Amino acid sequence: MCGRYTITVSIEELMLRYWNLDTAIPFHHPKYNVAPGQMVTAIIHDGKKNRLGELKWGLVPSWADDPK
């Protein structure tokens, strides 16, 4: 994706929804204008369990020579 979005869920709501979470995020707050290139909170599933982590939001086109 290359657009913007809003994430207003609290860390407590994420913990309730995905009750089996390992977390490495010390602080999470709502973001109302997430832009490409920003780090965002995400639920990451490794095939066995969910964990809470950060991922970079954005898109690198297949034709790009450099991910930057």
# chains A, B, ... in the order shown; residues from 1 in each chain; ligands from 1
>>> select_by_dssp(residues="chain A", states="alpha helix (DSSP H)", output="ChimeraX atom specification")
/A:11-17
>>> write_last_selection(atoms="C-alpha atoms", output="mmCIF file, in the first residue's frame")
data_model
loop_
_atom_site.group_PDB
_atom_site.id
_atom_site.type_symbol
_atom_site.label_atom_id
_atom_site.label_comp_id
_atom_site.auth_asym_id
_atom_site.auth_seq_id
_atom_site.Cartn_x
_atom_site.Cartn_y
_atom_site.Cartn_z
ATOM 1 C CA ILE A 11 -2.592 -1.657 23.292
ATOM 2 C CA GLU A 12 -5.150 -3.071 25.750
ATOM 3 C CA GLU A 13 -7.643 -3.715 22.939
ATOM 4 C CA LEU A 14 -4.967 -5.515 20.938
ATOM 5 C CA MET A 15 -4.074 -7.679 23.933
ATOM 6 C CA LEU A 16 -7.749 -8.598 24.444
ATOM 7 C CA ARG A 17 -8.340 -9.389 20.761
#
>>> residues_around(residues="Trp57 of chain A", least_positions_apart="3", cutoff="8 Å", atoms="only C-alpha atoms", output="mmCIF file with all heavy atoms, in the first residue's frame")
data_model
loop_
_atom_site.group_PDB
_atom_site.id
_atom_site.type_symbol
_atom_site.label_atom_id
_atom_site.label_comp_id
_atom_site.auth_asym_id
_atom_site.auth_seq_id
_atom_site.Cartn_x
_atom_site.Cartn_y
_atom_site.Cartn_z
ATOM 1 N N MET A 1 0.818 -1.178 0.000
ATOM 2 C CA MET A 1 0.000 0.000 0.000
ATOM 3 C C MET A 1 0.864 1.245 0.000
ATOM 4 O O MET A 1 1.909 1.262 0.614
ATOM 5 C CB MET A 1 -0.884 0.019 1.237
ATOM 6 C CG MET A 1 -1.966 -0.976 1.217
ATOM 7 S SD MET A 1 -3.143 -0.390 0.021
ATOM 8 C CE MET A 1 -4.319 -1.638 0.096
ATOM 9 N N ALA A 35 1.668 7.654 7.462
ATOM 10 C CA ALA A 35 2.159 7.889 6.105
ATOM 11 C C ALA A 35 3.160 6.804 5.709
ATOM 12 O O ALA A 35 3.779 6.169 6.570
ATOM 13 C CB ALA A 35 2.836 9.254 6.034
ATOM 14 N N PRO A 36 3.328 6.581 4.416
ATOM 15 C CA PRO A 36 4.334 5.629 3.964
ATOM 16 C C PRO A 36 5.716 5.984 4.529
ATOM 17 O O PRO A 36 6.089 7.147 4.604
ATOM 18 C CB PRO A 36 4.314 5.782 2.441
ATOM 19 C CG PRO A 36 2.931 6.250 2.145
ATOM 20 C CD PRO A 36 2.575 7.149 3.291
ATOM 21 N N GLY A 37 6.425 4.950 4.969
ATOM 22 C CA GLY A 37 7.758 5.132 5.525
ATOM 23 C C GLY A 37 7.778 5.159 7.043
ATOM 24 O O GLY A 37 8.841 5.053 7.647
ATOM 25 N N GLN A 38 6.615 5.263 7.689
ATOM 26 C CA GLN A 38 6.566 5.282 9.140
ATOM 27 C C GLN A 38 6.519 3.866 9.699
ATOM 28 O O GLN A 38 6.000 2.948 9.068
ATOM 29 C CB GLN A 38 5.337 6.043 9.632
ATOM 30 C CG GLN A 38 5.413 7.522 9.428
ATOM 31 C CD GLN A 38 4.196 8.233 9.986
ATOM 32 O OE1 GLN A 38 3.087 7.708 9.959
ATOM 33 N NE2 GLN A 38 4.410 9.443 10.472
ATOM 34 N N MET A 39 7.044 3.710 10.905
ATOM 35 C CA MET A 39 6.946 2.443 11.612
ATOM 36 C C MET A 39 5.575 2.379 12.279
ATOM 37 O O MET A 39 5.136 3.344 12.892
ATOM 38 C CB MET A 39 8.056 2.329 12.658
ATOM 39 C CG MET A 39 9.452 2.334 12.059
ATOM 40 S SD MET A 39 9.745 0.987 10.903
ATOM 41 C CE MET A 39 9.934 -0.381 12.015
ATOM 42 N N VAL A 40 4.900 1.229 12.139
ATOM 43 C CA VAL A 40 3.567 1.060 12.706
ATOM 44 C C VAL A 40 3.490 -0.223 13.520
ATOM 45 O O VAL A 40 4.228 -1.177 13.276
ATOM 46 C CB VAL A 40 2.474 1.042 11.609
ATOM 47 C CG1 VAL A 40 2.413 2.361 10.898
ATOM 48 C CG2 VAL A 40 2.696 -0.080 10.635
#
>>> select_by_dssp(residues="chain A", states="strand (DSSP E)", output="MDAnalysis selection string")
chainID A and resid 5:7 21:23 31:34 39:45 50:56
>>> atom_distance(atom1="atom CA of Thr41 of chain A", atom2="atom CA of Val9 of chain A")
10.0 Å
>>> closest_residue(among="A:Gly58, A:Pro30, A:Pro67, A:Gly47", to="Gly3 of chain A", atoms="only C-alpha atoms")
A:Gly58
>>> decode(residues="segment 40-67 of chain A", atoms="N, CA and C atoms", output="tab-separated table (two decimals), in the first residue's frame")
chain	number	residue	atom	x	y	z
A	40	VAL	N	4.90	1.23	12.14
A	40	VAL	CA	3.57	1.06	12.71
A	40	VAL	C	3.49	-0.22	13.52
A	41	THR	N	2.60	-0.23	14.49
A	41	THR	CA	2.35	-1.42	15.29
A	41	THR	C	1.58	-2.43	14.45
A	42	ALA	N	2.00	-3.70	14.52
A	42	ALA	CA	1.36	-4.72	13.71
A	42	ALA	C	1.32	-6.05	14.47
A	43	ILE	N	0.31	-6.85	14.18
A	43	ILE	CA	0.23	-8.22	14.70
A	43	ILE	C	0.97	-9.09	13.70
A	44	ILE	N	1.97	-9.81	14.18
A	44	ILE	CA	2.80	-10.66	13.32
A	44	ILE	C	2.58	-12.11	13.73
A	45	HIS	N	2.17	-12.94	12.79
A	45	HIS	CA	1.91	-14.35	13.06
A	45	HIS	C	3.04	-15.17	12.43
A	46	ASP	N	3.72	-15.98	13.24
A	46	ASP	CA	4.86	-16.75	12.75
A	46	ASP	C	4.51	-18.19	12.37
A	47	GLY	N	3.21	-18.49	12.31
A	47	GLY	CA	2.78	-19.85	11.99
A	47	GLY	C	2.37	-20.63	13.23
A	48	LYS	N	2.80	-20.17	14.41
A	48	LYS	CA	2.45	-20.84	15.65
A	48	LYS	C	1.72	-19.90	16.61
A	49	LYS	N	2.18	-18.67	16.71
A	49	LYS	CA	1.54	-17.73	17.63
A	49	LYS	C	1.68	-16.30	17.11
A	50	ASN	N	0.90	-15.43	17.70
A	50	ASN	CA	0.93	-14.01	17.34
A	50	ASN	C	1.92	-13.28	18.24
A	51	ARG	N	2.50	-12.22	17.68
A	51	ARG	CA	3.30	-11.32	18.50
A	51	ARG	C	3.05	-9.91	18.01
A	52	LEU	N	3.30	-8.97	18.88
A	52	LEU	CA	3.12	-7.57	18.57
A	52	LEU	C	4.48	-6.99	18.24
A	53	GLY	N	4.59	-6.35	17.09
A	53	GLY	CA	5.86	-5.78	16.67
A	53	GLY	C	5.65	-4.54	15.84
A	54	GLU	N	6.73	-4.03	15.28
A	54	GLU	CA	6.65	-2.86	14.43
A	54	GLU	C	7.12	-3.21	13.03
A	55	LEU	N	6.42	-2.68	12.04
A	55	LEU	CA	6.77	-2.87	10.65
A	55	LEU	C	6.76	-1.51	9.96
A	56	LYS	N	7.52	-1.40	8.89
A	56	LYS	CA	7.54	-0.16	8.12
A	56	LYS	C	6.39	-0.19	7.13
A	57	TRP	N	5.54	0.84	7.15
A	57	TRP	CA	4.40	0.94	6.26
A	57	TRP	C	4.83	1.53	4.93
A	58	GLY	N	4.45	0.89	3.84
A	58	GLY	CA	4.75	1.43	2.52
A	58	GLY	C	4.84	0.35	1.47
A	59	LEU	N	5.28	0.76	0.32
A	59	LEU	CA	5.36	-0.10	-0.84
A	59	LEU	C	6.65	0.18	-1.59
A	60	VAL	N	7.37	-0.87	-1.93
A	60	VAL	CA	8.54	-0.73	-2.80
A	60	VAL	C	8.16	-1.38	-4.12
A	61	PRO	N	8.00	-0.60	-5.17
A	61	PRO	CA	7.59	-1.16	-6.46
A	61	PRO	C	8.64	-2.15	-7.00
A	62	SER	N	8.20	-3.11	-7.76
A	62	SER	CA	9.11	-4.13	-8.31
A	62	SER	C	10.13	-3.51	-9.25
A	63	TRP	N	9.82	-2.36	-9.84
A	63	TRP	CA	10.73	-1.72	-10.78
A	63	TRP	C	11.72	-0.78	-10.11
A	64	ALA	N	11.63	-0.60	-8.79
A	64	ALA	CA	12.54	0.31	-8.09
A	64	ALA	C	13.94	-0.30	-7.99
A	65	ASP	N	14.96	0.51	-8.29
A	65	ASP	CA	16.34	0.07	-8.17
A	65	ASP	C	16.82	0.08	-6.73
A	66	ASP	N	16.27	0.97	-5.91
A	66	ASP	CA	16.70	1.16	-4.54
A	66	ASP	C	15.47	1.22	-3.63
A	67	PRO	N	15.44	0.48	-2.53
A	67	PRO	CA	14.27	0.51	-1.65
A	67	PRO	C	14.01	1.88	-1.03
